[in-house]
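K.L.:
Below is one structure. I have some questions about it.
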Amino acid sequence: MVIFTDSMKTMVSKSLLLVLFGFILHFTGVAQYKSAVIGVDGLTCSACSFATQKSLLELKSVDSVHMELETNTATVYFRPGQKVNVKDLAKKVVDAGFSVRSISATLNVNEWNATPNGCWSYENDMYHFMKLDAPKKLNGEIQLTFIGEKFMPAKEFKKWKMYSKNTCPPNGVQTLYSQDYYVTIQ
Amino acid sequence: MVFKPFIRKTTMLRYNRKNILLFFLLFITTPSFVAQELFPLNEPASNTPKGVLGLRVMGESFKEVKQFRNQFSLRAMYGILPRLSLTVTVGMSNHHDKNFPPNLVSHTHNGKETVYTTGDFQRGLNYPYRSNGIYLFMKYRFISRDGTHRHFRMAAYAEGAYVQQAHDEAEPNLMGDTKGVGAGLITTYLKNHFAVSLTSGFIVPGAYTGLSPDVSGGPMIPTEIKYGRALAYNLSMGYLLFPRVYKDYDQLNVNVYLELLGRSYEAAKVTQYGNVSIPINTPLLDKGHYIDAAPGVQCIFKSNLRLDFSVKLPMINKSYAHFYPVFTVGVQRYFYFKKRK
């Protein structure tokens, strides 16, 4: 006999909700991260850039890093088949002692339907579209810019706060996702 | 014995105050250079990257009368957290002996009365190399305002030293000569052509108890010197001379620096036989203040191996804890041990 505890019941109901919203409210896409461009602030010496590069290379998903020393932008190339955690990329820049100015990533996608205030999940992460006026069909190589206080200077982030009322999927369910990313499509 | 005022015998390099001022003006007015904050003598508000180990070998040398005083140190730097780093320094020097120099305490006769004061003890004696104990320095960066090619950062630091050296000057020197603790704030501002870092802090030194030879040939006298509490105020500036445009990590970086190192300290307290207080009668053990100017040059090879060279010269007053000029050499490298998970 199986005894359902309260926590198990919540788990089951949450999973059901997740499946339900998965079908109704967002699209699950097939995609592959190719590369990311990270603007790094506070860098003033090539030794500092070197430390940032070394820090990024500690990530399993990172294959190689090209650092543009004059503009302080790091282009990160990912290993195919490895899950990319964009928050980890930002963390590695902070670990080296610097700040993230911007992060945008290049992905290969297969028939994604982006809708205003919509979202999609990819590798268990939830991506929320921001500042999208009309539905958009995405195919091939796309570029996502990540919005969040860890992905841009505080001043810049303030400008985005007005768009952050996006509630897809409804509150309570999104905690089941490992990461929530707010993105814009270019 | 008649007490003579202390006269410094030094073969000091001639320096020109105007030249130092000109150098300073050059720093703040030259545009189109990217500033550097990897100061040879001071710590910037920035930290060692998290999980990275830095090693630095340092040498410091000055000539005290005819005797070269050298200090060799090994420093390990580690980034515990992105904002918290620790440095541990060990070393040795021939600055002092286990016991105080002869004539540290002198006396004069006033009729039948004997008056004891600190004496005009000899400088430039030959001492063996002794351990400088251990020096710890911890820094926490609490403000980071980063921009493109600029940042404003503030950090708080705490330092502590355990060392047993018969330091015979009032001015404390935690890294090498005196035990004690200190703390302070570091503010670093950097924007394109101008980099400036201000360090302000205090030092609370401990005391050293050793033996002092009796001038009249009696047994050694137990003597304690409690060094003066001090304020430290350092201003460092730097800029990148080469390369003008960054292309790759292999470019040789050449940075020039000017560091102003200020100290203000109380008089030392000298006690003999545990409770006999000896009046201070030499500037070496009296209160004082000074500012040294230290121009420096630095080469960084392959964006990692750092070679520093700087010379300390007196600007306002002089330190009694060292003679001039003080030459400092440092070699530093970061080790990136962490491999991909």
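Starting from 1 in every chain, residues are counted up; chains themselves are A, B, ... following the order of the structure tokens, and ligands are numbered from 1 as listed.
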For A:Cys45, list every protein, DNA or RNA residue within 12 Å, evaluated using only C-alpha atoms, and leave out those in the same chain fewer than 4 positions away; present the list as a ChimeraX atom specification.

P.N.:
/A:41,49-52,68-72,98 /B:33-38,148-150,190,192,238-249,251-255,300,302-304

K.L.:
Mind checking which residues fall within 6 Å of stretch 142-156 of chain A, counting only C-alpha atoms, ignoring those fewer than 4 positions away in the same chain, and posting them as number ranges by chain?

P.N.:
A: 100-107, 182-186

K.L.:
Mind dumping the selected residues with C-alpha atoms as an mmCIF file, in the first residue's frame?

P.N.:
data_model
loop_
_atom_site.group_PDB
_atom_site.id
_atom_site.type_symbol
_atom_site.label_atom_id
_atom_site.label_comp_id
_atom_site.auth_asym_id
_atom_site.auth_seq_id
_atom_site.Cartn_x
_atom_site.Cartn_y
_atom_site.Cartn_z
ATOM 1 C CA VAL A 100 29.145 41.823 -16.386
ATOM 2 C CA ARG A 101 28.256 44.629 -18.774
ATOM 3 C CA SER A 102 26.179 42.481 -21.125
ATOM 4 C CA ILE A 103 25.608 38.883 -22.141
ATOM 5 C CA SER A 104 24.157 37.738 -25.414
ATOM 6 C CA ALA A 105 24.207 34.232 -26.839
ATOM 7 C CA THR A 106 23.949 32.726 -30.287
ATOM 8 C CA LEU A 107 21.745 29.638 -30.568
ATOM 9 C CA TYR A 182 14.516 36.916 -19.279
ATOM 10 C CA VAL A 183 15.631 37.489 -22.834
ATOM 11 C CA THR A 184 15.126 39.691 -25.861
ATOM 12 C CA ILE A 185 15.450 38.516 -29.431
ATOM 13 C CA GLN A 186 17.574 40.418 -31.905
#

K.L.:
Write out as a short mmCIF file (atom, residue, chain, number, x, y, z; two decimals) with N, CA and C atoms, in the first residue's frame which residues come within 8 Å of B:Leu53 when counting only C-alpha atoms, dropping same-chain ones fewer than 6 positions away.

P.N.:
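Output (part.cif):
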data_model
loop_
_atom_site.label_atom_id
_atom_site.label_comp_id
_atom_site.auth_asym_id
_atom_site.auth_seq_id
_atom_site.Cartn_x
_atom_site.Cartn_y
_atom_site.Cartn_z
N ALA B 76 52.31 34.70 -0.31
CA ALA B 76 51.28 33.91 -1.00
C ALA B 76 49.97 34.66 -0.91
N MET B 77 49.29 34.81 -2.06
CA MET B 77 48.02 35.54 -2.10
C MET B 77 46.95 34.58 -2.57
N TYR B 78 45.80 34.62 -1.93
CA TYR B 78 44.76 33.68 -2.35
C TYR B 78 43.38 34.36 -2.33
N GLY B 79 42.60 34.13 -3.36
CA GLY B 79 41.25 34.67 -3.43
C GLY B 79 40.28 33.67 -2.81
N TYR B 334 50.67 34.53 -10.94
CA TYR B 334 49.43 33.88 -10.51
C TYR B 334 49.43 32.44 -11.00
N PHE B 335 48.91 31.55 -10.16
CA PHE B 335 48.78 30.14 -10.55
C PHE B 335 47.31 29.77 -10.60
N TYR B 336 46.89 29.37 -11.79
CA TYR B 336 45.49 28.99 -11.98
C TYR B 336 45.38 27.48 -11.86
N PHE B 337 45.19 27.03 -10.64
CA PHE B 337 45.17 25.58 -10.38
C PHE B 337 43.87 24.93 -10.82
#

K.L.:
Taking only C-alpha atoms into account, which residues of chain A are within 6 Å of chain B, as a ChimeraX atom specification?

P.N.:
/A:41-44,46-47,58-60,69-70,95-97

K.L.:
Kindly save the residues from that selection, with C-alpha atoms included, as a short mmCIF file (atom, residue, chain, number, x, y, z; two decimals), in the first residue's frame.

P.N.:
data_model
loop_
_atom_site.label_atom_id
_atom_site.label_comp_id
_atom_site.auth_asym_id
_atom_site.auth_seq_id
_atom_site.Cartn_x
_atom_site.Cartn_y
_atom_site.Cartn_z
CA ASP A 41 33.33 45.91 -16.94
CA GLY A 42 36.10 47.04 -14.63
CA LEU A 43 38.92 45.41 -16.60
CA THR A 44 41.95 47.62 -16.88
CA SER A 46 45.62 42.35 -19.80
CA ALA A 47 46.50 40.32 -16.68
CA GLU A 58 36.73 26.34 -15.56
CA LEU A 59 33.18 25.72 -16.80
CA LYS A 60 32.48 22.31 -18.29
CA LEU A 69 41.49 43.16 -24.88
CA GLU A 70 40.67 46.66 -26.09
CA ASP A 95 34.74 35.40 -9.32
CA ALA A 96 37.61 36.89 -11.28
CA GLY A 97 36.80 40.24 -9.64
#

K.L.:
Under the rule that only C-alpha atoms are counted, which of A:Ser61, A:Trp112, A:Leu138, A:Ala36 is the nearest residue to A:Gln82?

P.N.:
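Smallest distance to A:Gln82 is found for A:Ser61.
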
K.L.:
Running DSSP on the backbone, which parts of stretch 26-180 of chain A land in alpha helix (DSSP H), as an NGL selection string?

P.N.:
:A and (46-56 or 86-95 or 154-160)

K.L.:
Those same residues, written as an mmCIF file, in the first residue's frame with C-alpha atoms?

P.N.:
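Contents of the output file out.cif:
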data_model
loop_
_atom_site.group_PDB
_atom_site.id
_atom_site.type_symbol
_atom_site.label_atom_id
_atom_site.label_comp_id
_atom_site.auth_asym_id
_atom_site.auth_seq_id
_atom_site.Cartn_x
_atom_site.Cartn_y
_atom_site.Cartn_z
ATOM 1 C CA SER A 46 45.616 42.347 -19.803
ATOM 2 C CA ALA A 47 46.504 40.321 -16.682
ATOM 3 C CA CYS A 48 42.946 40.998 -15.431
ATOM 4 C CA SER A 49 41.497 39.851 -18.764
ATOM 5 C CA PHE A 50 43.647 36.737 -18.547
ATOM 6 C CA ALA A 51 42.262 35.972 -15.073
ATOM 7 C CA THR A 52 38.698 36.357 -16.401
ATOM 8 C CA GLN A 53 39.414 34.042 -19.317
ATOM 9 C CA LYS A 54 40.911 31.423 -16.981
ATOM 10 C CA SER A 55 37.870 31.688 -14.727
ATOM 11 C CA LEU A 56 35.437 31.128 -17.645
ATOM 12 C CA VAL A 86 24.257 31.551 -18.367
ATOM 13 C CA LYS A 87 24.159 32.450 -14.665
ATOM 14 C CA ASP A 88 27.383 30.444 -14.185
ATOM 15 C CA LEU A 89 29.029 32.474 -16.957
ATOM 16 C CA ALA A 90 28.159 35.672 -15.088
ATOM 17 C CA LYS A 91 29.357 34.167 -11.808
ATOM 18 C CA LYS A 92 32.748 33.304 -13.279
ATOM 19 C CA VAL A 93 33.263 36.931 -14.335
ATOM 20 C CA VAL A 94 32.409 38.069 -10.782
ATOM 21 C CA ASP A 95 34.743 35.397 -9.317
ATOM 22 C CA ALA A 154 22.383 48.113 -12.000
ATOM 23 C CA LYS A 155 21.540 51.333 -13.871
ATOM 24 C CA GLU A 156 20.790 49.433 -17.055
ATOM 25 C CA PHE A 157 18.698 46.879 -15.197
ATOM 26 C CA LYS A 158 16.456 49.625 -13.799
ATOM 27 C CA LYS A 159 15.341 50.435 -17.345
ATOM 28 C CA TRP A 160 14.104 46.871 -17.766
#
